[in-house]
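K.L.:
Following this line is structure25.csv, made up of CSV, C-alpha atoms and all ligand atoms:
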```
chain,number,residue,atom,x,y,z
A,15,MET,CA,158.4,129.1,118.3
A,16,ARG,CA,155.8,126.4,118.5
A,17,ILE,CA,156.1,123.8,115.8
A,18,GLY,CA,153.6,121.0,115.1
A,19,VAL,CA,154.6,117.6,113.7
A,20,LEU,CA,152.3,115.0,112.2
A,21,THR,CA,152.6,111.8,110.2
A,22,GLY,CA,150.0,111.3,107.4
A,23,GLY,CA,149.1,108.5,105.0
A,24,GLY,CA,150.3,104.9,105.2
A,25,ASP,CA,153.1,104.4,107.8
A,26,CYS,CA,156.6,103.2,106.9
A,27,PRO,CA,159.8,102.4,108.8
A,28,GLY,CA,161.7,105.5,109.7
A,29,LEU,CA,158.8,107.8,110.7
A,30,ASN,CA,159.9,107.8,114.3
A,31,ALA,CA,163.5,108.6,113.2
A,32,VAL,CA,162.2,111.8,111.5
A,33,ILE,CA,160.1,112.8,114.5
A,34,ARG,CA,163.1,112.4,116.7
A,35,ALA,CA,165.4,114.4,114.5
A,36,VAL,CA,162.9,117.2,113.9
A,37,THR,CA,162.3,117.5,117.6
A,38,LYS,CA,165.9,117.2,118.8
A,39,SER,CA,167.1,119.8,116.2
A,40,LEU,CA,164.4,122.3,117.1
A,41,LEU,CA,164.8,121.8,120.9
A,42,ARG,CA,168.6,122.1,120.7
A,43,GLN,CA,169.1,124.7,118.0
A,44,CYS,CA,166.3,127.2,118.9
A,45,GLY,CA,164.5,126.0,122.0
A,46,ALA,CA,161.2,125.7,120.1
A,47,GLU,CA,158.2,123.9,121.7
A,48,VAL,CA,157.4,120.9,119.6
A,49,ILE,CA,153.8,119.6,119.5
A,50,GLY,CA,153.0,116.2,118.1
A,51,ILE,CA,149.6,115.9,116.4
A,52,HIS,CA,147.9,112.6,116.7
A,53,ASN,CA,146.7,110.5,113.7
A,54,GLY,CA,147.8,112.7,110.9
A,55,PHE,CA,145.5,115.5,109.8
A,56,ALA,CA,142.7,113.8,111.7
A,57,GLY,CA,144.3,115.3,114.8
A,58,LEU,CA,143.5,118.8,113.4
A,59,MET,CA,140.0,118.1,112.2
A,60,GLY,CA,138.0,117.4,115.3
A,61,GLU,CA,136.3,120.0,117.6
A,62,ALA,CA,139.6,120.2,119.5
A,63,PRO,CA,143.1,119.3,118.3
A,64,GLN,CA,144.6,116.0,119.5
A,65,THR,CA,148.2,116.6,120.5
A,66,ARG,CA,151.0,115.8,122.9
A,67,THR,CA,154.1,117.8,123.7
A,68,LEU,CA,157.3,116.2,122.3
A,69,ASP,CA,160.2,116.8,124.6
A,70,TRP,CA,163.7,115.3,124.6
A,71,ASP,CA,162.8,112.2,126.7
A,72,ARG,CA,159.7,111.5,124.7
A,73,VAL,CA,161.7,111.2,121.4
A,74,SER,CA,164.7,109.4,122.9
A,75,GLY,CA,164.9,105.7,122.2
A,76,ILE,CA,162.5,105.7,119.2
A,77,LEU,CA,165.1,105.9,116.3
A,78,MET,CA,164.9,102.2,115.5
A,79,GLN,CA,161.2,101.7,116.2
A,80,GLY,CA,158.9,100.9,113.3
A,81,GLY,CA,155.5,102.6,112.9
A,82,THR,CA,154.9,106.1,114.2
A,83,ILE,CA,154.5,107.1,117.9
A,84,LEU,CA,152.0,109.8,116.7
A,85,GLY,CA,149.7,107.5,114.8
A,86,THR,CA,148.6,108.2,111.3
A,87,SER,CA,145.6,108.2,109.0
A,88,ASN,CA,145.3,107.7,105.2
A,89,LYS,CA,141.7,108.8,105.4
A,90,ALA,CA,141.7,112.2,107.0
A,91,ASN,CA,141.5,114.9,104.4
A,92,PRO,CA,140.8,118.4,105.7
A,93,LEU,CA,140.5,119.6,102.1
A,94,ALA,CA,137.5,117.3,101.6
A,95,SER,CA,135.2,120.3,102.4
A,96,GLU,CA,135.4,124.0,103.2
A,97,ALA,CA,134.2,123.3,106.7
A,98,SER,CA,136.9,120.7,107.5
A,99,ALA,CA,139.6,122.9,106.0
A,100,ALA,CA,138.4,125.8,108.1
A,101,GLN,CA,138.3,123.6,111.2
A,102,ALA,CA,141.9,122.4,110.6
A,103,MET,CA,143.0,126.1,110.3
A,104,THR,CA,141.1,127.0,113.4
A,105,ASN,CA,142.8,124.2,115.4
A,106,ALA,CA,146.2,125.1,114.0
A,107,ARG,CA,145.7,128.7,115.1
A,108,ALA,CA,144.3,127.6,118.5
A,109,LEU,CA,147.5,125.6,119.0
A,110,GLY,CA,149.5,128.7,118.2
A,111,LEU,CA,151.5,126.9,115.6
A,112,ASP,CA,154.2,129.0,113.8
A,113,ALA,CA,154.7,126.1,111.4
A,114,LEU,CA,153.8,122.4,110.8
A,115,VAL,CA,156.1,119.6,109.7
A,116,ALA,CA,154.0,117.2,107.7
A,117,ILE,CA,155.7,113.8,107.2
A,118,GLY,CA,153.9,111.8,104.5
A,119,GLY,CA,153.5,110.8,100.9
A,120,ASP,CA,152.0,112.5,97.8
A,121,GLY,CA,148.6,112.7,99.4
A,122,THR,CA,149.9,114.3,102.5
A,123,MET,CA,151.9,116.8,100.4
A,124,ALA,CA,148.8,117.7,98.4
A,125,ILE,CA,146.9,118.4,101.7
A,126,ALA,CA,150.0,120.3,103.0
A,127,HIS,CA,150.0,122.4,99.9
A,128,GLY,CA,146.2,123.1,100.2
A,129,LEU,CA,146.6,124.3,103.8
A,130,SER,CA,149.7,126.3,103.0
A,131,LEU,CA,147.6,128.2,100.4
A,132,ARG,CA,145.2,129.0,103.4
A,133,GLY,CA,148.1,130.5,105.3
A,134,LEU,CA,149.6,127.7,107.4
A,135,HIS,CA,153.4,127.5,107.3
A,136,ILE,CA,154.3,124.0,106.3
A,137,VAL,CA,157.5,122.0,105.7
A,138,GLY,CA,156.9,118.6,104.1
A,139,VAL,CA,159.1,115.5,104.7
A,140,PRO,CA,158.6,112.7,102.0
A,141,LYS,CA,158.0,109.2,103.3
A,142,THR,CA,156.9,106.1,101.5
A,143,ILE,CA,158.0,102.5,100.9
A,144,ASP,CA,156.9,103.1,97.3
A,145,ASN,CA,159.7,105.6,96.6
A,146,ASP,CA,157.4,107.4,94.2
A,147,ILE,CA,157.6,111.0,95.4
A,148,VAL,CA,158.4,113.5,92.6
A,149,GLY,CA,161.7,115.3,93.0
A,150,CYS,CA,163.0,112.9,95.7
A,151,GLU,CA,165.4,110.1,94.5
A,152,ARG,CA,165.1,108.1,97.7
A,153,SER,CA,162.4,108.2,100.3
A,154,PHE,CA,163.0,106.6,103.7
A,155,GLY,CA,161.1,103.3,104.2
A,156,PHE,CA,162.0,102.1,100.7
A,157,ASP,CA,165.3,100.6,101.6
A,158,THR,CA,163.6,98.7,104.5
A,159,ALA,CA,160.8,97.4,102.3
A,160,VAL,CA,163.3,96.3,99.6
A,161,ALA,CA,165.3,94.4,102.3
A,162,THR,CA,162.1,92.7,103.6
A,163,VAL,CA,161.0,91.7,100.1
A,164,THR,CA,164.5,90.5,99.2
A,165,GLU,CA,164.5,88.2,102.3
A,166,ALA,CA,161.0,86.9,101.3
A,167,ILE,CA,162.2,86.2,97.8
A,168,GLU,CA,165.2,84.3,99.1
A,169,ARG,CA,162.9,82.1,101.2
A,170,LEU,CA,160.7,81.5,98.2
A,171,GLN,CA,163.7,80.6,96.1
A,172,THR,CA,164.7,77.7,98.4
A,173,THR,CA,161.2,76.2,98.7
A,174,GLY,CA,160.6,76.8,95.0
A,175,GLN,CA,163.8,75.0,94.1
A,176,SER,CA,162.9,72.0,96.4
A,177,HIS,CA,159.5,71.5,94.6
A,178,GLY,CA,160.5,72.6,91.1
A,179,ARG,CA,157.7,75.2,91.2
A,180,VAL,CA,157.1,78.6,89.7
A,181,MET,CA,156.9,81.0,92.6
A,182,ILE,CA,155.3,84.4,92.2
A,183,ILE,CA,155.8,87.1,94.8
A,184,GLU,CA,153.6,90.2,94.7
A,185,THR,CA,155.0,93.4,96.1
A,186,MET,CA,153.4,96.7,97.1
A,187,GLY,CA,154.4,100.0,95.4
A,188,ARG,CA,151.1,101.2,93.9
A,189,TYR,CA,151.7,102.5,90.4
A,190,ALA,CA,155.5,102.5,90.6
A,191,GLY,CA,157.7,99.5,90.2
A,192,TRP,CA,160.6,100.6,92.4
A,193,ILE,CA,160.2,97.9,95.1
A,194,ALA,CA,159.6,95.1,92.6
A,195,LEU,CA,162.6,96.2,90.5
A,196,GLU,CA,165.2,96.5,93.3
A,197,ALA,CA,164.0,93.6,95.4
A,198,GLY,CA,163.6,91.4,92.3
A,199,LEU,CA,167.2,92.2,91.3
A,200,ALA,CA,168.5,91.7,94.8
A,201,GLY,CA,166.6,88.4,95.2
A,202,ALA,CA,167.7,87.0,91.8
A,203,ALA,CA,164.2,86.9,90.3
A,204,ASP,CA,164.0,85.4,86.9
A,205,VAL,CA,161.2,87.6,85.8
A,206,ILE,CA,160.4,91.1,87.2
A,207,LEU,CA,157.0,92.7,86.2
A,208,LEU,CA,156.4,96.4,86.8
A,209,PRO,CA,153.5,98.7,86.5
A,210,GLU,CA,155.5,100.7,84.0
A,211,ILE,CA,155.9,97.8,81.5
A,212,ASP,CA,152.7,95.9,80.6
A,213,TYR,CA,153.7,92.2,80.5
A,214,SER,CA,153.1,89.5,77.9
A,215,VAL,CA,151.7,86.3,79.6
A,216,GLU,CA,153.2,84.2,76.8
A,217,ALA,CA,156.7,85.9,77.2
A,218,VAL,CA,156.6,85.1,81.0
A,219,ALA,CA,155.4,81.5,80.3
A,220,ALA,CA,158.2,81.1,77.7
A,221,VAL,CA,160.8,82.0,80.4
A,222,CYS,CA,159.3,79.5,82.9
A,223,ARG,CA,159.0,76.7,80.2
A,224,GLU,CA,162.6,77.1,79.2
A,225,ARG,CA,163.7,76.9,82.8
A,226,GLU,CA,161.4,73.9,83.3
A,227,GLN,CA,163.1,72.1,80.5
A,228,ARG,CA,166.5,72.7,82.2
A,229,GLY,CA,165.0,71.3,85.5
A,230,ARG,CA,165.0,74.8,87.1
A,231,HIS,CA,162.4,76.4,89.2
A,232,SER,CA,161.4,80.0,88.5
A,233,LEU,CA,160.8,83.1,90.6
A,234,ILE,CA,158.6,85.9,89.4
A,235,CYS,CA,158.5,89.2,91.3
A,236,ILE,CA,155.5,91.4,90.3
A,237,GLY,CA,154.5,94.9,91.5
A,238,GLU,CA,150.9,95.2,92.6
A,239,GLY,CA,150.3,97.8,89.9
A,240,ALA,CA,151.5,95.6,87.0
A,241,LYS,CA,149.0,94.5,84.3
A,242,PRO,CA,149.0,92.2,81.3
A,243,ARG,CA,149.2,93.8,77.9
A,244,GLY,CA,145.7,94.8,76.9
A,245,GLY,CA,144.5,94.0,80.5
A,246,ALA,CA,143.4,96.0,83.5
A,247,LEU,CA,144.8,96.8,87.0
A,248,THR,CA,143.9,94.2,89.6
A,249,ILE,CA,142.0,96.1,92.3
A,250,GLU,CA,141.6,94.5,95.7
A,251,ARG,CA,138.9,97.0,96.8
A,252,ARG,CA,137.5,100.4,96.3
A,253,VAL,CA,137.2,102.8,99.2
A,254,THR,CA,135.1,105.9,99.6
A,255,ASP,CA,136.5,107.3,102.8
A,256,SER,CA,140.1,108.0,101.6
A,257,PRO,CA,141.7,110.4,99.2
A,258,ASP,CA,143.1,107.3,97.3
A,259,PRO,CA,139.9,105.5,96.2
A,260,ILE,CA,141.6,102.3,95.0
A,261,ARG,CA,143.6,99.6,96.9
A,262,LEU,CA,145.6,97.5,94.5
A,263,GLY,CA,146.2,93.8,95.2
A,264,GLY,CA,145.8,90.3,93.8
A,265,VAL,CA,147.7,90.6,90.5
A,266,GLY,CA,150.1,87.8,91.7
A,267,HIS,CA,147.1,85.4,92.0
A,268,ALA,CA,145.7,86.7,88.6
A,269,LEU,CA,149.1,85.9,87.0
A,270,ARG,CA,149.1,82.4,88.6
A,271,GLU,CA,145.7,81.8,86.9
A,272,GLN,CA,147.1,83.0,83.6
A,273,LEU,CA,150.3,80.9,83.8
A,274,GLN,CA,149.2,77.6,85.2
A,275,PRO,CA,147.4,76.3,82.1
A,276,LEU,CA,150.6,77.1,80.1
A,277,LEU,CA,153.1,75.3,82.3
A,278,GLN,CA,153.8,71.8,83.7
A,279,SER,CA,155.2,73.0,87.0
A,280,GLU,CA,152.9,74.0,89.8
A,281,VAL,CA,152.5,77.8,90.0
A,282,ARG,CA,152.1,79.4,93.5
A,283,ALA,CA,151.6,83.0,94.5
A,284,THR,CA,152.5,84.9,97.7
A,285,VAL,CA,151.2,88.4,98.4
A,286,LEU,CA,153.5,90.0,100.9
A,287,GLY,CA,151.2,92.9,101.9
A,288,HIS,CA,151.8,95.0,104.9
A,289,VAL,CA,154.8,93.0,106.1
A,290,GLN,CA,156.6,95.4,103.8
A,291,ARG,CA,155.6,98.4,105.8
A,292,GLY,CA,156.3,97.1,109.3
A,293,GLY,CA,159.3,96.6,111.5
A,294,ALA,CA,162.5,98.5,112.3
A,295,PRO,CA,164.1,100.7,109.6
A,296,THR,CA,167.4,99.6,108.1
A,297,PRO,CA,170.5,101.6,109.1
A,298,PHE,CA,170.3,103.4,105.7
A,299,ASP,CA,166.7,104.5,106.4
A,300,ARG,CA,167.6,105.5,109.9
A,301,VAL,CA,170.3,107.8,108.6
A,302,LEU,CA,168.2,109.2,105.7
A,303,ALA,CA,165.2,109.8,108.0
A,304,THR,CA,167.4,111.6,110.5
A,305,GLN,CA,168.8,113.8,107.7
A,306,PHE,CA,165.3,114.6,106.5
A,307,GLY,CA,164.1,115.5,109.9
A,308,ASN,CA,167.1,117.7,110.6
A,309,GLU,CA,166.7,119.4,107.2
A,310,ALA,CA,163.0,120.1,107.9
A,311,ALA,CA,164.0,121.8,111.1
A,312,GLN,CA,166.7,123.9,109.3
A,313,LEU,CA,164.0,125.0,106.7
A,314,ILE,CA,161.7,126.0,109.5
A,315,MET,CA,164.4,128.0,111.4
A,316,ALA,CA,165.4,129.7,108.1
A,317,GLY,CA,161.7,130.6,107.5
A,318,ARG,CA,161.6,128.7,104.3
A,319,PHE,CA,158.0,127.4,104.3
A,320,ASN,CA,155.8,125.5,101.9
A,321,GLN,CA,158.7,123.4,100.8
A,322,MET,CA,159.3,119.6,100.9
A,323,VAL,CA,162.7,118.2,101.8
A,324,THR,CA,164.2,116.2,99.0
A,325,LEU,CA,167.3,114.1,98.1
A,326,ARG,CA,169.1,114.8,94.8
A,327,GLY,CA,172.1,112.6,94.3
A,328,GLU,CA,173.6,112.6,97.8
A,329,ARG,CA,172.5,116.1,98.6
A,330,LEU,CA,169.6,117.3,100.6
A,331,ALA,CA,167.6,120.0,98.9
A,332,SER,CA,164.0,121.2,98.9
A,333,LEU,CA,161.2,121.8,96.4
A,334,PRO,CA,158.0,123.9,96.6
A,335,LEU,CA,155.0,121.8,97.8
A,336,ALA,CA,153.1,123.0,94.7
A,337,GLU,CA,155.6,121.1,92.5
A,338,VAL,CA,155.1,117.7,94.2
A,339,ALA,CA,151.4,117.7,95.1
A,340,HIS,CA,149.2,115.3,93.2
A,341,GLN,CA,152.1,113.6,91.3
A,342,SER,CA,154.1,110.4,91.5
A,343,ARG,CA,157.4,109.2,90.3
A,344,HIS,CA,157.6,106.1,88.1
A,345,VAL,CA,160.5,104.0,86.9
A,346,PRO,CA,161.5,105.7,83.6
A,347,ALA,CA,161.9,103.6,80.5
A,348,ASP,CA,165.6,104.4,80.3
A,349,HIS,CA,166.4,103.6,83.9
A,350,PRO,CA,169.8,101.9,84.2
A,351,LEU,CA,168.4,99.1,86.3
A,352,LEU,CA,166.1,98.1,83.5
A,353,ARG,CA,169.0,97.9,81.2
A,354,THR,CA,171.0,95.9,83.8
A,355,ALA,CA,168.1,93.5,84.2
A,356,ARG,CA,167.7,92.8,80.5
A,357,GLN,CA,171.5,92.5,79.9
A,358,ILE,CA,171.9,89.8,82.7
A,359,GLY,CA,168.9,87.9,81.3
A,360,VAL,CA,166.1,88.9,83.7
A,361,SER,CA,162.9,89.0,81.8
A,362,LEU,CA,160.7,92.1,82.2
A,363,GLY,CA,157.8,90.3,80.6
A,364,GLU,CA,158.4,91.9,77.2
A,365,GLY,CA,158.3,90.1,74.0
B,1,LIG,O1,151.7,103.8,99.7
B,1,LIG,C1,152.1,102.7,100.5
B,1,LIG,C2,151.3,101.5,100.3
B,1,LIG,O2,151.8,100.5,101.2
B,1,LIG,C3,151.2,101.0,98.9
B,1,LIG,O3,152.4,100.3,98.5
B,1,LIG,C4,150.0,100.1,99.0
B,1,LIG,O4,149.4,100.0,97.7
B,1,LIG,C5,149.1,100.9,99.9
B,1,LIG,O5,149.9,101.8,100.7
B,1,LIG,C6,148.2,100.1,100.8
B,1,LIG,O6,147.4,100.9,101.6
B,1,LIG,P1,146.6,100.4,102.8
B,1,LIG,O7,147.5,100.3,104.0
B,1,LIG,O8,145.5,101.5,103.0
B,1,LIG,O9,146.0,99.1,102.4
```
Write the structure described by the file as structure tokens, please.

P.N.:
Amino acid sequence: MRIGVLTGGGDCPGLNAVIRAVTKSLLRQCGAEVIGIHNGFAGLMGEAPQTRTLDWDRVSGILMQGGTILGTSNKANPLASEASAAQAMTNARALGLDALVAIGGDGTMAIAHGLSLRGLHIVGVPKTIDNDIVGCERSFGFDTAVATVTEAIERLQTTGQSHGRVMIIETMGRYAGWIALEAGLAGAADVILLPEIDYSVEAVAAVCREREQRGRHSLICIGEGAKPRGGALTIERRVTDSPDPIRLGGVGHALREQLQPLLQSEVRATVLGHVQRGGAPTPFDRVLATQFGNEAAQLIMAGRFNQMVTLRGERLASLPLAEVAHQSRHVPADHPLLRTARQIGVSLGEG
């Protein structure tokens, strides 16, 4: 067997752990040849495929490395035209691929689904710091991002306390509030604002004012996709060369502008940005990514194609790519962590 592996979309900690586990499982269990494809689907879209063979030594020692040894692209989309889809299929055939492991987010799964309809055998592995992939309770990269944001919040807490300021931290997560919610709780934020719950500026100001009166600083954790009631998303820029045409960013500064006139304390905003995607995966993410990679190899050896590996409860499972493509998973209104937050007095900007 010849199996291709690629990483698509934005990177996240744990990608190398998956590459290692897929490769080692396939080499050890069935002696397959494993071909790494460079820069996501871009590596299949040129005149000739861009690849390198992945052998045991090449994937040894990469478990704890951040990023991806294969490179990635969140722009390359073979489904953008018939010609590029045909070129990708031609390259896959030229490589003699029996199957492809596509490690990526919802965009990558949508492309994988499209190519699987054209006859390429694909197994998907979900990755994203956003934790927003449908049917998958935990994607690797998320735990690491939450740890990074939590540490940042703790640092903002001490400086915020020293100056008696209102500190705002803006997290990534796109249209899902998982990172803001978990890191906000872990970092003892006073206010957590999520894309799923439009916030009232006055309700947030009231929390900060009440704390001001008690001589306390305030910490607000806001997901980049959050918006004020009746307001719009804060868009950092629009892009034309990517399947995702919008890059969110800046809502933390927008909130600062809204709050400052209503408060006596100085309000400061920090946008954490790509720090959340970098660095070594946590032990949890290393283990999860290893399980996902191993499971992808099992699906391939069992001939169960056009599936994505998932985690349900503590169990690995799989779902048809068709069921996960073009969708994302948001924090549901009845999520237990929302109840916990409210009951311990963390404001979600409601009111
Ligand atoms: O999907 C992962 C993610 O980091 C989002 O949280 C964020 O909105 C987006 O990617 C940023 O994308 P880029 O790296 O293209 O700016």

K.L.:
Considering all atoms listed in the file, return as a list in words whatever protein or nucleic-acid residues lie within 12 Å of Glu328 (chain A), sequence-local ones (same chain, fewer than 3 positions apart) excluded.

P.N.:
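The contact residues come out as Cys150, Glu151, Arg152, Leu302, Gln305, Thr324, Leu325 and Ala331 of chain A.
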
K.L.:
I need the residue nearest Gln312 (chain A) from this list: A:Val137, A:Ile211, A:Met78, A:Ala246. Use all atoms listed in the file for the distance.

P.N.:
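Of the candidates, the smallest distance to Gln312 (chain A) is held by A:Val137.
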
K.L.:
Do you know which residues are within 7 Å of ligand LIG 1 (chain B) using all atoms listed in the file? Can you write them as a list in words?

P.N.:
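Counting all atoms listed in the file, the residues within 7 Å of ligand LIG 1 (chain B) come out as Gly24, Asn88, Thr142, Ile143, Asp144, Met186, Gly187, Arg188, Arg261, Leu262, His288 and Arg291 of chain A.
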
K.L.:
Go ahead and write the residues just picked, C-alpha atoms, as a PDB file, in the coordinates of the input.

P.N.:
```pdb
ATOM      1  CA  GLY A  24     150.300 104.900 105.200  1.00  0.00           C
ATOM      2  CA  ASN A  88     145.300 107.700 105.200  1.00  0.00           C
ATOM      3  CA  THR A 142     156.900 106.100 101.500  1.00  0.00           C
ATOM      4  CA  ILE A 143     158.000 102.500 100.900  1.00  0.00           C
ATOM      5  CA  ASP A 144     156.900 103.100  97.300  1.00  0.00           C
ATOM      6  CA  MET A 186     153.400  96.700  97.100  1.00  0.00           C
ATOM      7  CA  GLY A 187     154.400 100.000  95.400  1.00  0.00           C
ATOM      8  CA  ARG A 188     151.100 101.200  93.900  1.00  0.00           C
ATOM      9  CA  ARG A 261     143.600  99.600  96.900  1.00  0.00           C
ATOM     10  CA  LEU A 262     145.600  97.500  94.500  1.00  0.00           C
ATOM     11  CA  HIS A 288     151.800  95.000 104.900  1.00  0.00           C
ATOM     12  CA  ARG A 291     155.600  98.400 105.800  1.00  0.00           C
TER      13      ARG A 291
END
```

K.L.:
Residues within 9 Å of (152.2, 124.9, 112.9), file coordinates, counting all atoms listed in the file: what are they? Give the list as a PyMOL selection string.

P.N.:
chain A and resi 16-19+49+106-107+109-115+134-136

K.L.:
Now that the selection is made, can you save its residues with C-alpha atoms as a PDB file, in the coordinates of the input?

P.N.:
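Listed below is the output, part-v9.pdb:
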```
ATOM      1  CA  ARG A  16     155.800 126.400 118.500  1.00  0.00           C
ATOM      2  CA  ILE A  17     156.100 123.800 115.800  1.00  0.00           C
ATOM      3  CA  GLY A  18     153.600 121.000 115.100  1.00  0.00           C
ATOM      4  CA  VAL A  19     154.600 117.600 113.700  1.00  0.00           C
ATOM      5  CA  ILE A  49     153.800 119.600 119.500  1.00  0.00           C
ATOM      6  CA  ALA A 106     146.200 125.100 114.000  1.00  0.00           C
ATOM      7  CA  ARG A 107     145.700 128.700 115.100  1.00  0.00           C
ATOM      8  CA  LEU A 109     147.500 125.600 119.000  1.00  0.00           C
ATOM      9  CA  GLY A 110     149.500 128.700 118.200  1.00  0.00           C
ATOM     10  CA  LEU A 111     151.500 126.900 115.600  1.00  0.00           C
ATOM     11  CA  ASP A 112     154.200 129.000 113.800  1.00  0.00           C
ATOM     12  CA  ALA A 113     154.700 126.100 111.400  1.00  0.00           C
ATOM     13  CA  LEU A 114     153.800 122.400 110.800  1.00  0.00           C
ATOM     14  CA  VAL A 115     156.100 119.600 109.700  1.00  0.00           C
ATOM     15  CA  LEU A 134     149.600 127.700 107.400  1.00  0.00           C
ATOM     16  CA  HIS A 135     153.400 127.500 107.300  1.00  0.00           C
ATOM     17  CA  ILE A 136     154.300 124.000 106.300  1.00  0.00           C
TER      18      ILE A 136
END
```

K.L.:
Here is a test: counting only C-alpha atoms, which residue of A:Leu68, A:Val163, A:Val285, A:Ile83 is nearest to Ala197 (chain A)?

P.N.:
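Nearest to Ala197 (chain A): A:Val163.
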
K.L.:
Counting all atoms listed in the file, figure out which residue out of A:Pro140, A:Arg300, A:Val281, A:Arg34 gets nearest to Ala116 (chain A).

P.N.:
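With all atoms listed in the file as the atom set, the closest residue is A:Pro140.
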
K.L.:
I'd like to know which of A:Val289, A:Val218, A:Ala240, A:Ile314 is closest to Gly365 (chain A), using all atoms listed in the file.

P.N.:
A:Val218

K.L.:
Nearest to Ala310 (chain A): which of A:Leu247, A:Ala35, A:Val345, A:Leu20 is it, counting all atoms listed in the file?

P.N.:
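Residue with the minimum atom-to-atom distance to Ala310 (chain A): A:Ala35.
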
K.L.:
I'd like the contact shell of region 60-62 of chain A - 8 Å cut-off, all atoms listed in the file, skipping same-chain residues fewer than 3 positions apart - returned as a CSV table (one decimal) with C-alpha atoms, keeping the file's coordinate frame.

P.N.:
```
chain,number,residue,atom,x,y,z
A,56,ALA,CA,142.7,113.8,111.7
A,57,GLY,CA,144.3,115.3,114.8
A,101,GLN,CA,138.3,123.6,111.2
A,102,ALA,CA,141.9,122.4,110.6
A,105,ASN,CA,142.8,124.2,115.4
```

K.L.:
In terms of the shortest atom-to-atom distance over all atoms listed in the file, which of A:Gly245, A:Gly317, A:Gly307, A:Gly81 is closest to Ile33 (chain A)?

P.N.:
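The closest residue to Ile33 (chain A) is A:Gly307.
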
K.L.:
Write out as a ChimeraX atom specification the residues lying within 10 Å of region 250-253 of chain A, counting only C-alpha atoms and excluding same-chain residues fewer than 5 positions away.

P.N.:
/A:89,238,258-265

K.L.:
Report, in Å with one decimal, the straight-line distance from CA of Leu93 (chain A) to CA of Gly23 (chain A).

P.N.:
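Result for CA of Leu93 (chain A) versus CA of Gly23 (chain A): 14.3 Å, one decimal.
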
K.L.:
Record the distance separating CA of Asn320 (chain A) and CA of His344 (chain A), expressed in Å with one decimal.

P.N.:
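Answer for the CA of Asn320 (chain A) to CA of His344 (chain A) separation: 23.9 Å.
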
K.L.:
Near Leu77 (chain A), within 10 Å and counting all atoms listed in the file, which residues show up once chain neighbours fewer than 4 positions away are dropped, as a list of chain:residue names?

P.N.:
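Contacts, in chain order: A:Pro27, A:Gly28, A:Leu29, A:Asn30, A:Ala31, A:Val32, A:Ile33, A:Arg34, A:Ala35, A:Val73, A:Ala294, A:Pro295, A:Pro297, A:Arg300, A:Val301, A:Ala303, A:Thr304.
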
K.L.:
Could you get me a file of region 276-288 of chain A with N, CA and C atoms, as a PDB file, in the first residue's frame, taken from the block above?

P.N.:
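Final file, selection_29.pdb:
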```
ATOM      1  N   LEU A 276     -17.675  54.430  29.992  1.00  0.00           N
ATOM      2  CA  LEU A 276     -18.627  54.067  31.051  1.00  0.00           C
ATOM      3  C   LEU A 276     -17.946  53.775  32.381  1.00  0.00           C
ATOM      4  N   LEU A 277     -16.586  53.809  32.403  1.00  0.00           N
ATOM      5  CA  LEU A 277     -15.860  53.376  33.602  1.00  0.00           C
ATOM      6  C   LEU A 277     -14.829  54.408  34.038  1.00  0.00           C
ATOM      7  N   GLN A 278     -14.486  54.339  35.328  1.00  0.00           N
ATOM      8  CA  GLN A 278     -13.419  55.221  35.821  1.00  0.00           C
ATOM      9  C   GLN A 278     -12.048  54.592  35.596  1.00  0.00           C
ATOM     10  N   SER A 279     -11.964  53.275  35.766  1.00  0.00           N
ATOM     11  CA  SER A 279     -10.673  52.598  35.606  1.00  0.00           C
ATOM     12  C   SER A 279     -10.242  52.629  34.145  1.00  0.00           C
ATOM     13  N   GLU A 280      -8.943  52.542  33.973  1.00  0.00           N
ATOM     14  CA  GLU A 280      -8.411  52.460  32.615  1.00  0.00           C
ATOM     15  C   GLU A 280      -8.718  51.064  32.055  1.00  0.00           C
ATOM     16  N   VAL A 281      -9.117  51.022  30.791  1.00  0.00           N
ATOM     17  CA  VAL A 281      -9.437  49.741  30.151  1.00  0.00           C
ATOM     18  C   VAL A 281      -8.354  49.440  29.126  1.00  0.00           C
ATOM     19  N   ARG A 282      -7.763  48.260  29.177  1.00  0.00           N
ATOM     20  CA  ARG A 282      -6.705  47.893  28.227  1.00  0.00           C
ATOM     21  C   ARG A 282      -7.053  46.559  27.566  1.00  0.00           C
ATOM     22  N   ALA A 283      -6.678  46.447  26.298  1.00  0.00           N
ATOM     23  CA  ALA A 283      -7.016  45.218  25.557  1.00  0.00           C
ATOM     24  C   ALA A 283      -5.756  44.534  25.027  1.00  0.00           C
ATOM     25  N   THR A 284      -5.744  43.220  25.094  1.00  0.00           N
ATOM     26  CA  THR A 284      -4.646  42.413  24.548  1.00  0.00           C
ATOM     27  C   THR A 284      -5.242  41.400  23.574  1.00  0.00           C
ATOM     28  N   VAL A 285      -4.677  41.361  22.367  1.00  0.00           N
ATOM     29  CA  VAL A 285      -5.113  40.354  21.391  1.00  0.00           C
ATOM     30  C   VAL A 285      -4.009  39.316  21.296  1.00  0.00           C
ATOM     31  N   LEU A 286      -4.340  38.095  21.685  1.00  0.00           N
ATOM     32  CA  LEU A 286      -3.280  37.083  21.816  1.00  0.00           C
ATOM     33  C   LEU A 286      -2.818  36.537  20.473  1.00  0.00           C
ATOM     34  N   GLY A 287      -3.722  36.422  19.513  1.00  0.00           N
ATOM     35  CA  GLY A 287      -3.353  36.036  18.148  1.00  0.00           C
ATOM     36  C   GLY A 287      -2.725  34.669  18.022  1.00  0.00           C
ATOM     37  N   HIS A 288      -1.744  34.573  17.123  1.00  0.00           N
ATOM     38  CA  HIS A 288      -1.209  33.264  16.734  1.00  0.00           C
ATOM     39  C   HIS A 288      -0.362  32.582  17.794  1.00  0.00           C
TER      40      HIS A 288
END
```
